[in-house]
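Asks: If it helps, the file is called work-v9.tsv and holds TSV, C-alpha atoms:
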chain	number	residue	atom	x	y	z
A	1	MET	CA	70.60	57.08	155.52
A	2	GLY	CA	72.61	57.47	152.34
A	3	ARG	CA	71.03	57.61	148.95
A	4	PRO	CA	70.90	54.27	147.10
A	5	ASP	CA	73.28	53.71	144.23
A	6	ARG	CA	71.14	53.93	141.10
A	7	SER	CA	73.99	53.55	138.64
A	8	THR	CA	73.30	51.13	135.82
A	9	PRO	CA	75.54	49.77	133.05
A	10	GLU	CA	73.83	52.15	130.62
A	11	SER	CA	74.41	55.23	132.77
A	12	LEU	CA	78.01	54.22	133.46
A	13	HIS	CA	78.56	53.69	129.75
A	14	LYS	CA	77.17	57.18	128.96
A	15	ALA	CA	79.42	58.73	131.61
A	16	SER	CA	82.37	56.86	130.17
A	17	MET	CA	81.58	58.09	126.68
A	18	ASN	CA	81.33	61.69	127.93
A	19	LYS	CA	84.72	61.42	129.60
A	20	ARG	CA	86.20	59.97	126.45
A	21	ARG	CA	84.93	62.93	124.46
A	22	LYS	CA	86.52	65.26	127.01
A	23	VAL	CA	89.82	63.40	126.70
A	24	ALA	CA	89.62	63.66	122.91
A	25	GLU	CA	88.85	67.38	123.03
A	26	ARG	CA	91.71	68.14	125.40
A	27	GLY	CA	94.15	65.71	123.88
A	28	ASN	CA	94.68	67.59	120.61
A	29	THR	CA	95.77	70.75	122.45
A	30	LYS	CA	97.59	69.56	125.56
A	31	THR	CA	99.40	66.59	124.11
A	32	GLU	CA	100.75	68.64	121.22
A	33	LEU	CA	102.16	71.11	123.72
A	34	VAL	CA	103.51	68.46	126.04
A	35	ILE	CA	104.92	66.03	123.49
A	36	PRO	CA	105.45	67.27	119.93
A	37	GLU	CA	105.69	63.64	118.79
A	38	SER	CA	102.11	62.95	119.85
A	39	ALA	CA	100.82	61.99	116.40
A	40	MET	CA	100.58	58.37	117.46
A	41	PHE	CA	98.33	59.30	120.36
A	42	GLU	CA	96.04	61.22	117.99
A	43	GLU	CA	95.89	58.18	115.71
A	44	LEU	CA	94.91	56.06	118.69
A	45	GLN	CA	92.15	58.54	119.48
A	46	GLY	CA	90.83	58.19	115.93
A	47	LEU	CA	90.87	54.41	116.27
A	48	GLU	CA	89.13	54.73	119.63
A	49	LYS	CA	86.27	56.67	117.98
A	50	GLN	CA	85.85	53.92	115.40
A	51	ILE	CA	85.87	51.26	118.11
A	52	ASP	CA	83.31	53.25	120.11
A	53	SER	CA	80.93	53.40	117.15
A	54	ILE	CA	81.27	49.64	116.60
A	55	LEU	CA	80.76	48.95	120.30
A	56	ASN	CA	77.61	51.10	120.32
A	57	GLU	CA	76.15	49.06	117.46
A	58	ARG	CA	77.05	45.79	119.18
A	59	LYS	CA	75.63	47.08	122.46
A	60	GLN	CA	72.29	47.89	120.83
A	61	LEU	CA	72.15	44.42	119.28
A	62	ILE	CA	72.94	42.81	122.64
A	63	GLN	CA	70.26	44.88	124.36
A	64	GLU	CA	67.68	43.91	121.73
A	65	ASN	CA	68.58	40.24	121.97
A	66	THR	CA	68.60	40.15	125.76
A	67	ALA	CA	65.29	42.04	125.91
A	68	ARG	CA	63.62	39.29	123.94
A	69	GLN	CA	62.51	36.11	125.63
A	70	PRO	CA	64.66	33.21	124.36
A	71	THR	CA	62.68	31.07	121.96
A	72	ALA	CA	62.73	27.41	121.03
A	73	LYS	CA	60.82	25.34	118.52
A	74	LYS	CA	57.56	23.97	119.95
A	75	ASN	CA	54.78	21.84	118.51
A	76	VAL	CA	51.11	22.74	118.67
A	77	ARG	CA	48.61	20.00	117.83
A	78	VAL	CA	45.40	21.13	116.11
A	79	PHE	CA	42.13	19.15	116.19
A	80	ILE	CA	39.18	19.79	113.86
A	81	SER	CA	35.68	18.51	114.69
A	82	ASN	CA	32.03	19.50	114.43
A	83	LEU	CA	28.73	19.00	116.22
A	84	SER	CA	25.33	18.86	114.56
A	85	SER	CA	21.83	19.06	115.97
A	86	GLU	CA	18.23	18.86	114.82
A	87	GLN	CA	19.32	17.13	111.60
A	88	PRO	CA	16.83	15.12	109.48
A	89	GLU	CA	19.56	12.61	108.64
A	90	GLN	CA	19.82	11.79	112.35
A	91	GLY	CA	16.12	10.84	112.47
A	92	TYR	CA	14.87	14.15	113.81
A	93	GLU	CA	11.32	14.84	112.53
A	94	ILE	CA	9.32	18.06	112.76
A	95	ASP	CA	5.54	18.07	112.90
A	96	ASP	CA	3.76	20.54	110.69
A	97	GLU	CA	2.08	22.09	113.73
A	98	ASP	CA	5.44	22.72	115.47
A	99	ASP	CA	7.28	23.87	112.32
A	100	GLU	CA	7.25	27.54	113.30
A	101	ILE	CA	8.63	27.07	116.83
A	102	ALA	CA	10.96	24.09	116.24
A	103	PRO	CA	14.72	24.84	116.21
A	104	ALA	CA	16.37	24.89	112.77
A	105	PRO	CA	19.01	22.32	111.86
A	106	SER	CA	22.50	23.61	112.67
A	107	TRP	CA	26.10	22.59	113.04
A	108	THR	CA	29.05	23.86	115.10
A	109	LEU	CA	32.62	23.79	113.80
A	110	ARG	CA	35.36	23.43	116.42
A	111	ILE	CA	39.03	24.32	115.94
A	112	GLU	CA	41.08	23.41	119.01
A	113	GLY	CA	44.78	23.24	119.76
A	114	ARG	CA	47.17	22.57	122.59
A	115	LEU	CA	50.88	22.87	123.15
A	116	LEU	CA	52.80	19.62	123.27
A	117	ASP	CA	55.72	18.79	125.57
A	118	VAL	CA	54.42	20.92	128.43
A	119	PRO	CA	56.28	20.30	131.74
A	120	ALA	CA	54.46	17.95	134.08
A	121	SER	CA	54.24	20.37	137.01
A	122	THR	CA	50.85	21.93	137.72
A	123	LYS	CA	52.17	25.50	137.69
A	124	SER	CA	53.82	25.00	134.31
A	125	ARG	CA	50.62	23.62	132.85
A	126	GLN	CA	48.64	26.55	134.15
A	127	ALA	CA	51.18	28.99	132.70
A	128	ALA	CA	51.31	27.24	129.30
A	129	ARG	CA	50.39	29.47	126.37
A	130	LYS	CA	46.92	29.18	124.88
A	131	PHE	CA	46.25	28.10	121.31
A	132	SER	CA	45.19	31.54	120.08
A	133	SER	CA	48.48	33.11	121.26
A	134	PHE	CA	50.30	31.25	118.48
A	135	LEU	CA	47.99	32.57	115.75
A	136	GLN	CA	47.81	35.87	113.93
A	137	SER	CA	44.52	35.20	112.15
A	138	ILE	CA	42.05	32.48	111.12
A	139	ILE	CA	40.02	32.58	107.90
A	140	ILE	CA	37.35	29.96	107.15
A	141	GLU	CA	35.91	29.66	103.67
A	142	LEU	CA	32.60	27.76	103.46
A	143	ASP	CA	31.51	26.12	100.20
A	144	HIS	CA	27.70	26.38	100.37
A	145	ASP	CA	24.79	28.16	98.74
A	146	PRO	CA	24.75	31.83	99.87
A	147	GLU	CA	21.02	32.13	99.18
A	148	ASN	CA	20.13	29.49	101.74
A	149	TYR	CA	22.82	30.62	104.18
A	150	PRO	CA	22.78	34.41	104.41
A	151	GLU	CA	25.41	34.51	107.21
A	152	GLY	CA	28.12	34.55	104.55
A	153	GLU	CA	30.75	32.21	103.16
A	154	LEU	CA	33.77	33.86	104.79
A	155	ILE	CA	34.50	33.86	108.53
A	156	GLU	CA	37.50	35.82	109.84
A	157	TRP	CA	39.25	36.23	113.17
A	158	HIS	CA	42.25	38.52	113.69
A	159	LYS	CA	44.42	38.70	116.76
A	160	SER	CA	43.82	41.55	119.17
A	161	TYR	CA	46.30	41.96	122.00
A	162	SER	CA	43.59	43.42	124.23
A	163	ASN	CA	41.60	40.16	124.20
A	164	GLN	CA	42.27	37.15	126.39
A	165	ASP	CA	43.83	34.07	124.81
A	166	PHE	CA	41.88	30.81	124.54
A	167	ASP	CA	42.33	27.18	123.48
A	168	GLY	CA	39.74	26.88	120.74
A	169	PHE	CA	37.24	28.43	118.33
A	170	GLU	CA	33.60	27.58	117.70
A	171	ILE	CA	31.59	28.67	114.68
A	172	LYS	CA	27.87	27.88	114.64
A	173	ARG	CA	25.72	28.06	111.50
A	174	ARG	CA	22.34	26.80	110.33
A	175	GLY	CA	22.29	24.00	107.78
A	176	ASP	CA	21.20	20.44	107.10
A	177	LYS	CA	23.79	19.49	104.46
A	178	ASN	CA	27.47	18.62	104.51
A	179	VAL	CA	29.71	21.65	103.95
A	180	LYS	CA	33.28	21.77	102.71
A	181	ALA	CA	35.42	24.19	104.72
A	182	LYS	CA	38.88	25.57	104.01
A	183	ILE	CA	40.58	26.63	107.24
A	184	ILE	CA	43.51	29.07	106.78
A	185	LEU	CA	45.72	29.52	109.85
A	186	THR	CA	48.25	32.36	109.84
A	187	LEU	CA	50.82	31.78	112.56
A	188	ASP	CA	52.15	34.54	114.76
A	189	ASN	CA	55.65	35.62	113.77
A	190	PRO	CA	57.39	37.09	116.86
A	191	SER	CA	60.89	36.36	115.52
A	192	GLU	CA	60.05	38.19	112.25
A	193	LYS	CA	61.04	35.38	109.93
A	194	TYR	CA	60.30	35.83	106.24
A	195	LYS	CA	60.17	33.80	103.07
A	196	PHE	CA	62.87	34.89	100.62
A	197	SER	CA	62.49	35.53	96.91
A	198	GLN	CA	63.94	33.07	94.40
A	199	ASP	CA	66.67	35.52	93.35
A	200	LEU	CA	67.78	35.92	96.96
A	201	ILE	CA	67.67	32.15	97.51
A	202	GLN	CA	70.09	31.65	94.60
A	203	VAL	CA	72.61	33.92	96.33
A	204	ILE	CA	72.41	32.90	100.01
A	205	GLN	CA	71.08	29.34	99.54
A	206	THR	CA	68.44	29.78	102.26
A	207	GLU	CA	64.67	29.82	101.79
A	208	ARG	CA	63.56	31.39	105.10
A	209	GLY	CA	65.05	33.47	107.88
A	210	THR	CA	65.18	36.86	109.55
A	211	GLN	CA	66.38	40.12	108.06
A	212	ALA	CA	69.58	39.92	110.11
A	213	SER	CA	70.34	36.38	108.92
A	214	ALA	CA	69.85	37.44	105.28
A	215	ILE	CA	72.21	40.43	105.69
A	216	ILE	CA	74.86	38.24	107.35
A	217	ALA	CA	74.59	35.57	104.64
A	218	LEU	CA	74.83	38.20	101.89
A	219	TRP	CA	77.83	39.80	103.60
A	220	GLU	CA	79.57	36.40	103.71
A	221	TYR	CA	78.84	35.99	99.98
A	222	ILE	CA	80.38	39.42	99.24
A	223	LYS	CA	83.53	38.63	101.25
A	224	MET	CA	83.92	35.13	99.83
A	225	ASN	CA	83.77	36.43	96.24
A	226	GLY	CA	85.90	39.54	96.90
A	227	LEU	CA	83.28	42.00	95.63
A	228	ARG	CA	84.26	44.98	97.80
A	229	ASP	CA	85.87	47.83	95.92
A	230	GLU	CA	89.61	48.19	96.56
A	231	GLU	CA	89.56	51.99	96.90
A	232	GLN	CA	86.10	52.61	98.36
A	233	ARG	CA	85.66	49.82	100.88
A	234	ASP	CA	82.02	50.72	101.55
A	235	THR	CA	81.16	50.03	97.89
A	236	VAL	CA	80.30	46.61	96.44
A	237	ASN	CA	80.91	45.72	92.79
A	238	ASN	CA	77.97	43.42	92.07
A	239	ASP	CA	78.53	40.23	90.13
A	240	GLU	CA	75.96	38.69	87.82
A	241	LEU	CA	73.80	37.24	90.61
A	242	LEU	CA	73.77	40.47	92.63
A	243	GLN	CA	73.00	42.53	89.53
A	244	LYS	CA	70.03	40.27	88.88
A	245	LEU	CA	69.01	40.58	92.53
A	246	PHE	CA	69.32	44.36	92.95
A	247	GLY	CA	69.31	45.64	89.36
A	248	MET	CA	72.50	47.74	89.69
A	249	GLU	CA	76.21	47.34	89.06
A	250	GLN	CA	77.38	48.94	92.32
A	251	MET	CA	75.84	49.57	95.73
A	252	LYS	CA	76.77	50.85	99.16
A	253	LEU	CA	76.91	48.49	102.12
A	254	SER	CA	74.58	50.84	103.99
A	255	GLN	CA	71.93	50.21	101.30
A	256	LEU	CA	71.66	46.47	101.98
A	257	PRO	CA	68.76	46.56	104.49
A	258	GLU	CA	66.64	48.78	102.24
A	259	LEU	CA	67.43	46.83	99.05
A	260	LEU	CA	66.75	43.45	100.67
A	261	TRP	CA	63.36	44.49	102.02
A	262	THR	CA	61.66	43.97	98.64
A	263	HIS	CA	62.78	40.32	98.67
A	264	PHE	CA	61.04	39.45	101.97
A	265	PHE	CA	57.57	37.92	102.00
A	266	PRO	CA	55.36	36.73	104.85
A	267	PRO	CA	55.44	32.99	105.57
A	268	ASP	CA	52.83	30.84	103.88
A	269	PRO	CA	49.73	30.16	105.99
A	270	VAL	CA	48.62	26.68	107.01
A	271	VAL	CA	45.63	25.47	104.95
A	272	ILE	CA	43.42	22.63	106.24
A	273	GLU	CA	40.59	21.07	104.22
A	274	TYR	CA	37.69	19.72	106.29
A	275	THR	CA	34.17	18.52	105.52
A	276	ILE	CA	31.50	19.43	108.08
A	277	ARG	CA	29.23	16.39	108.34
A	278	VAL	CA	25.66	16.58	109.59
A	279	ASP	CA	24.80	12.86	109.50
A	280	LYS	CA	26.45	12.39	112.90
A	281	GLU	CA	25.88	14.23	116.13
A	282	TYR	CA	29.63	14.46	116.63
A	283	HIS	CA	32.31	14.11	113.96
A	284	ILE	CA	36.06	14.57	114.32
A	285	SER	CA	38.69	14.55	111.63
A	286	ARG	CA	40.79	11.43	111.55
A	287	TYR	CA	43.87	13.66	111.21
A	288	ALA	CA	45.59	15.81	113.82
A	289	TYR	CA	47.82	18.59	112.54
A	290	ASP	CA	51.12	19.49	114.22
A	291	LEU	CA	52.33	23.05	113.71
A	292	THR	CA	55.88	24.18	114.51
A	293	VAL	CA	55.85	27.49	116.38
A	294	ASP	CA	58.25	29.68	118.37
A	295	GLY	CA	57.76	29.18	122.09
A	296	GLU	CA	59.54	30.28	125.24
A	297	ASP	CA	62.73	28.40	126.05
A	298	ASN	CA	62.37	27.13	129.61
A	299	SER	CA	65.61	25.17	129.72
A	300	LYS	CA	67.66	25.80	132.85
A	301	GLY	CA	70.98	25.99	131.06
A	302	LYS	CA	70.11	29.23	129.26
A	303	SER	CA	70.00	32.61	130.91
A	304	THR	CA	69.44	36.08	129.58
A	305	ASN	CA	71.37	37.79	132.35
A	306	ASN	CA	74.69	38.86	130.89
A	307	THR	CA	76.18	39.68	134.26
A	308	SER	CA	79.70	39.41	132.90
A	309	LEU	CA	79.05	42.42	130.66
A	310	GLN	CA	77.94	44.66	133.51
A	311	GLY	CA	81.43	45.10	134.93
A	312	TYR	CA	82.97	46.40	131.72
A	313	PRO	CA	81.55	49.97	131.86
A	314	LYS	CA	83.10	50.47	135.32
A	315	ASP	CA	86.47	49.23	134.08
A	316	ILE	CA	86.31	51.55	131.08
A	317	THR	CA	85.39	54.48	133.31
A	318	SER	CA	88.34	53.86	135.61
A	319	LEU	CA	90.70	53.63	132.62
A	320	ASP	CA	89.35	56.92	131.23
A	321	GLU	CA	89.95	58.58	134.58
A	322	LYS	CA	93.54	57.33	134.58
A	323	ILE	CA	94.04	58.73	131.06
A	324	MET	CA	92.73	62.14	132.15
A	325	GLN	CA	94.98	62.10	135.21
A	326	CYS	CA	97.98	61.27	133.04
A	327	ILE	CA	97.20	64.14	130.65
A	328	GLN	CA	96.80	66.57	133.54
A	329	SER	CA	100.06	65.35	135.06
A	330	MET	CA	101.79	65.82	131.70
A	331	GLY	CA	100.43	69.37	131.46
A	332	ASN	CA	101.63	70.23	134.96
A	333	SER	CA	105.06	68.76	134.25
A	334	LYS	CA	105.35	70.79	131.04
A	335	SER	CA	104.42	73.99	132.87
A	336	LYS	CA	107.14	73.34	135.45
A	337	ARG	CA	109.65	72.47	132.73
A	338	ASP	CA	108.91	75.66	130.74
A	339	PHE	CA	109.10	77.72	133.92
A	340	LEU	CA	112.52	76.38	134.91
A	341	LEU	CA	113.84	76.34	131.34
A	342	GLU	CA	113.05	80.02	130.76
A	343	PHE	CA	114.48	80.92	134.17
A	344	SER	CA	117.73	79.11	133.39
A	345	ARG	CA	118.18	80.93	130.07
A	346	HIS	CA	117.47	84.55	131.16
A	347	PRO	CA	117.19	84.78	134.98
A	348	VAL	CA	116.96	88.60	135.27
A	349	ARG	CA	114.50	89.08	132.41
A	350	PHE	CA	112.41	86.16	133.68
A	351	ILE	CA	112.18	87.56	137.22
A	352	ASP	CA	111.17	91.02	135.94
A	353	LYS	CA	108.52	89.50	133.68
A	354	TYR	CA	107.27	87.24	136.42
A	355	LEU	CA	106.91	90.13	138.90
A	356	ALA	CA	105.10	92.25	136.32
A	357	ASN	CA	102.65	89.45	135.57
A	358	TYR	CA	102.17	88.79	139.25
A	359	CYS	CA	101.37	92.46	139.89
A	360	GLN	CA	98.85	92.44	137.07
A	361	GLU	CA	97.18	89.35	138.51
A	362	MET	CA	96.99	90.88	141.96
A	363	GLU	CA	95.43	94.05	140.60
A	364	VAL	CA	92.81	92.04	138.75
A	365	ASN	CA	92.03	89.85	141.77
A	366	VAL	CA	91.80	92.78	144.18
A	367	GLY	CA	89.86	94.87	141.70
A	368	GLU	CA	92.24	97.82	141.80
A	369	SER	CA	93.56	97.60	138.28
A	370	VAL	CA	95.26	100.77	137.02
A	371	VAL	CA	95.42	99.65	133.41
A	372	ASN	CA	94.77	102.42	130.92
A	373	ALA	CA	91.24	102.26	129.50
A	374	GLU	CA	92.60	102.99	126.04
A	375	ASP	CA	94.85	99.94	126.22
A	376	ARG	CA	91.90	97.74	127.14
A	377	ARG	CA	90.22	98.62	123.87
A	378	LYS	CA	93.05	97.11	121.86
A	379	SER	CA	93.14	93.39	121.09
A	380	GLU	CA	96.88	93.21	121.76
A	381	PHE	CA	96.19	93.86	125.42
A	382	TYR	CA	94.36	90.50	125.75
A	383	LYS	CA	97.09	88.57	123.95
A	384	GLN	CA	99.68	89.15	126.66
A	385	PRO	CA	101.00	86.02	128.42
A	386	TRP	CA	99.58	86.92	131.84
A	387	VAL	CA	95.96	87.16	130.61
A	388	ASP	CA	95.21	83.43	130.58
A	389	THR	CA	96.51	82.93	134.08
A	390	SER	CA	94.62	85.98	135.35
A	391	VAL	CA	91.37	84.72	133.87
A	392	VAL	CA	91.84	81.35	135.58
A	393	HIS	CA	92.50	82.99	138.94
A	394	TYR	CA	89.56	85.34	138.52
A	395	LEU	CA	87.12	82.56	137.68
A	396	SER	CA	88.46	80.41	140.51
A	397	ALA	CA	87.93	83.26	142.99
A	398	LYS	CA	84.39	83.84	141.74
A	399	THR	CA	83.63	80.13	141.98
A	400	GLN	CA	84.87	79.94	145.56
A	401	GLN	CA	82.87	83.04	146.46
A	402	ARG	CA	79.72	81.51	144.99
A	403	MET	CA	80.33	78.23	146.80
A	404	GLN	CA	80.67	80.03	150.11
A	405	GLU	CA	77.38	81.84	149.50
A	406	LEU	CA	75.63	78.58	148.68
A	407	MET	CA	77.05	76.89	151.80
A	408	LYS	CA	75.74	79.74	153.92
A	409	MET	CA	72.30	79.43	152.33
A	410	VAL	CA	72.25	75.67	152.93
A	411	GLY	CA	73.31	76.19	156.56
A	412	LYS	CA	70.50	78.67	157.13
A	413	ALA	CA	67.97	76.35	155.53
A	414	ASN	CA	69.03	73.45	157.78
A	415	THR	CA	68.74	75.55	160.90
Translate this structure into structure tokens?
Replies:
Amino acid sequence: MGRPDRSTPESLHKASMNKRRKVAERGNTKTELVIPESAMFEELQGLEKQIDSILNERKQLIQENTARQPTAKKNVRVFISNLSSEQPEQGYEIDDEDDEIAPAPSWTLRIEGRLLDVPASTKSRQAARKFSSFLQSIIIELDHDPENYPEGELIEWHKSYSNQDFDGFEIKRRGDKNVKAKIILTLDNPSEKYKFSQDLIQVIQTERGTQASAIIALWEYIKMNGLRDEEQRDTVNNDELLQKLFGMEQMKLSQLPELLWTHFFPPDPVVIEYTIRVDKEYHISRYAYDLTVDGEDNSKGKSTNNTSLQGYPKDITSLDEKIMQCIQSMGNSKSKRDFLLEFSRHPVRFIDKYLANYCQEMEVNVGESVVNAEDRRKSEFYKQPWVDTSVVHYLSAKTQQRMQELMKMVGKANT
């Protein structure tokens, strides 16, 4: 059985880039020899390098975007309620004899949530995300006397990716009086959206967004107002708003991500006020709170498989191979042209020179060179025209000899 083809778009792209570098390395030498008017080809190679760098950046962005699960706005409905037990206000009385063993009055705060607009199928409902998966943390501040309630006034929960998700929280405390609670919900932020500073809002006219959206909006502002320097195109001459934003008259475009970072703030948490009542066995808030979160996009019309992009690396590789073949063909044609041109100008001198070079090559290949040892010590000896050809023939012979040895070793191993 043959080995499976494990080539991927990434590996094909790397191979293509390697071949392009080889073409660029050989192009400056061979094309100048073949065609003296090859300056245009060298300019195209410079443009190709710039295009390659841009394509690499775009490729990384595409890979990051396709690696992420597509998101859509979803609504999570939050319910707040509480239970209470053993409360005097509910008519529960404790005899003096049973005071030591009777349970103390207590209440239980419940924070529950569920995702709305879940598909009706049973499998989809089972796979629906739990309430805690949409939260980064929960902080509950209780307004009661710390002397009578030593458990503390602050209750915190922070997300841990090692724990299993769930649909609700329960906090149980002792107490026989109503308690005011401030519930602070910090939503999970998988899309890394931030709240912008007021100075940044004045420039891009947007209050929230991602780092990429802020950079794009700022870049549009720079282009629209013509703030790029005429001579140094990577420099921006800041206007009054940008000077107020960044505190400098000029800046480099490469500095934008670092400079903008100080103007990003985490989104505001959701704050819910609730009074825990102990006069009822069960009490639920008359309000339900809908939170907008980022959920998975399950629509059928959207797909993350960019299959149309997977064929491009193969096409680029085939084009690079054609370019290399053309350059090699040009080099061979030039060698033939020089050979015939020199022969046509001075036939006798050319034949004598050719025979001398051929004899030198044969001596080197056979290993019976009679070259004077003193001549070998001089650098002029290695600058003669036959040296390059002799080196190529010598290396080719050594390579063939090594290949034959390896084939023999493989044949013995198979037997």
Asks: Env of A:Gln232: 12 Å cut, atoms = all atoms listed in the file, seq-sep filter 3 positions within chain, self excluded. Answer as a list in words.
Replies: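 Neighbouring residues, sequence-local ones excluded: Leu227, Arg228, Asp229, Thr235, Val236, Asn237, Gln250, Met251, Lys252 and Leu253 of chain A.
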Asks: Write the selection just made, keeping C-alpha atoms, as an mmCIF file, keeping the file's coordinate frame?
Replies:
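Result file again39.cif:
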data_model
loop_
_atom_site.group_PDB
_atom_site.id
_atom_site.type_symbol
_atom_site.label_atom_id
_atom_site.label_comp_id
_atom_site.auth_asym_id
_atom_site.auth_seq_id
_atom_site.Cartn_x
_atom_site.Cartn_y
_atom_site.Cartn_z
ATOM 1 C CA LEU A 227 83.280 42.000 95.630
ATOM 2 C CA ARG A 228 84.260 44.980 97.800
ATOM 3 C CA ASP A 229 85.870 47.830 95.920
ATOM 4 C CA THR A 235 81.160 50.030 97.890
ATOM 5 C CA VAL A 236 80.300 46.610 96.440
ATOM 6 C CA ASN A 237 80.910 45.720 92.790
ATOM 7 C CA GLN A 250 77.380 48.940 92.320
ATOM 8 C CA MET A 251 75.840 49.570 95.730
ATOM 9 C CA LYS A 252 76.770 50.850 99.160
ATOM 10 C CA LEU A 253 76.910 48.490 102.120
#
Asks: So which residues fall inside 12 Å of (42.3, 22.2, 119.7) if we count all atoms listed in the file? Mind giving them as a ChimeraX atom specification?
Replies: /A:76-82,109-116,130-132,166-170,284-285,288-291
Asks: Set the distance at 7 Å and use only C-alpha atoms: which residues neighbour stretch 260-277 of chain A once local chain neighbours fewer than 3 positions away are removed? I'd like the list as a short mmCIF file (atom, residue, chain, number, x, y, z; two decimals) with C-alpha atoms, keeping the file's coordinate frame.
Replies:
data_model
loop_
_atom_site.label_atom_id
_atom_site.label_comp_id
_atom_site.auth_asym_id
_atom_site.auth_seq_id
_atom_site.Cartn_x
_atom_site.Cartn_y
_atom_site.Cartn_z
CA ASN A 82 32.03 19.50 114.43
CA ASN A 178 27.47 18.62 104.51
CA VAL A 179 29.71 21.65 103.95
CA LYS A 180 33.28 21.77 102.71
CA ALA A 181 35.42 24.19 104.72
CA LYS A 182 38.88 25.57 104.01
CA ILE A 183 40.58 26.63 107.24
CA ILE A 184 43.51 29.07 106.78
CA LEU A 185 45.72 29.52 109.85
CA THR A 186 48.25 32.36 109.84
CA LEU A 187 50.82 31.78 112.56
CA TYR A 194 60.30 35.83 106.24
CA LYS A 195 60.17 33.80 103.07
CA PHE A 196 62.87 34.89 100.62
CA SER A 197 62.49 35.53 96.91
CA LEU A 200 67.78 35.92 96.96
CA LEU A 256 71.66 46.47 101.98
CA PRO A 257 68.76 46.56 104.49
CA LYS A 280 26.45 12.39 112.90
CA HIS A 283 32.31 14.11 113.96
#
Asks: Please identify all polymer residues within 8 Å of A:Leu218, counting only C-alpha atoms, omitting same-chain residues fewer than 4 positions from it, and present them as a PDB file with C-alpha atoms, keeping the file's coordinate frame.
Replies:
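selection38.pdb, freshly written:
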ATOM      1  CA  VAL A 203      72.610  33.920  96.330  1.00  0.00           C
ATOM      2  CA  ILE A 204      72.410  32.900 100.010  1.00  0.00           C
ATOM      3  CA  ALA A 214      69.850  37.440 105.280  1.00  0.00           C
ATOM      4  CA  ILE A 222      80.380  39.420  99.240  1.00  0.00           C
TER       5      ILE A 222
END
Asks: If I take atom CA of A:Gln255 and atom CA of A:Gln243, how far is one from the other in Å, to one decimal?
Replies: 14.1 Å
Asks: Taking (35.9, 32.8, 115.4) in the coordinates of the supplied file, I want to know which residues reach to within 8 Å of it, counting only C-alpha atoms; could you give the answer as an mmCIF file with C-alpha atoms, in the coordinates of the input?
Replies:
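The result, written out as part.cif:
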data_model
loop_
_atom_site.group_PDB
_atom_site.id
_atom_site.type_symbol
_atom_site.label_atom_id
_atom_site.label_comp_id
_atom_site.auth_asym_id
_atom_site.auth_seq_id
_atom_site.Cartn_x
_atom_site.Cartn_y
_atom_site.Cartn_z
ATOM 1 C CA ILE A 138 42.050 32.480 111.120
ATOM 2 C CA ILE A 155 34.500 33.860 108.530
ATOM 3 C CA GLU A 156 37.500 35.820 109.840
ATOM 4 C CA TRP A 157 39.250 36.230 113.170
ATOM 5 C CA PHE A 169 37.240 28.430 118.330
ATOM 6 C CA GLU A 170 33.600 27.580 117.700
ATOM 7 C CA ILE A 171 31.590 28.670 114.680
#
Asks: Rounded to one decimal in Å, what is the spacing between atom CA of A:Glu192 and atom CA of A:Thr210?
Replies: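 The value is 5.9 Å.
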Asks: What separation in Å, quoted to one decimal, exists between atom CA of A:Ile201 and atom CA of A:Asn225?
Replies: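 Spanning atom CA of A:Ile201 to atom CA of A:Asn225 is a straight-line distance of 16.7 Å.
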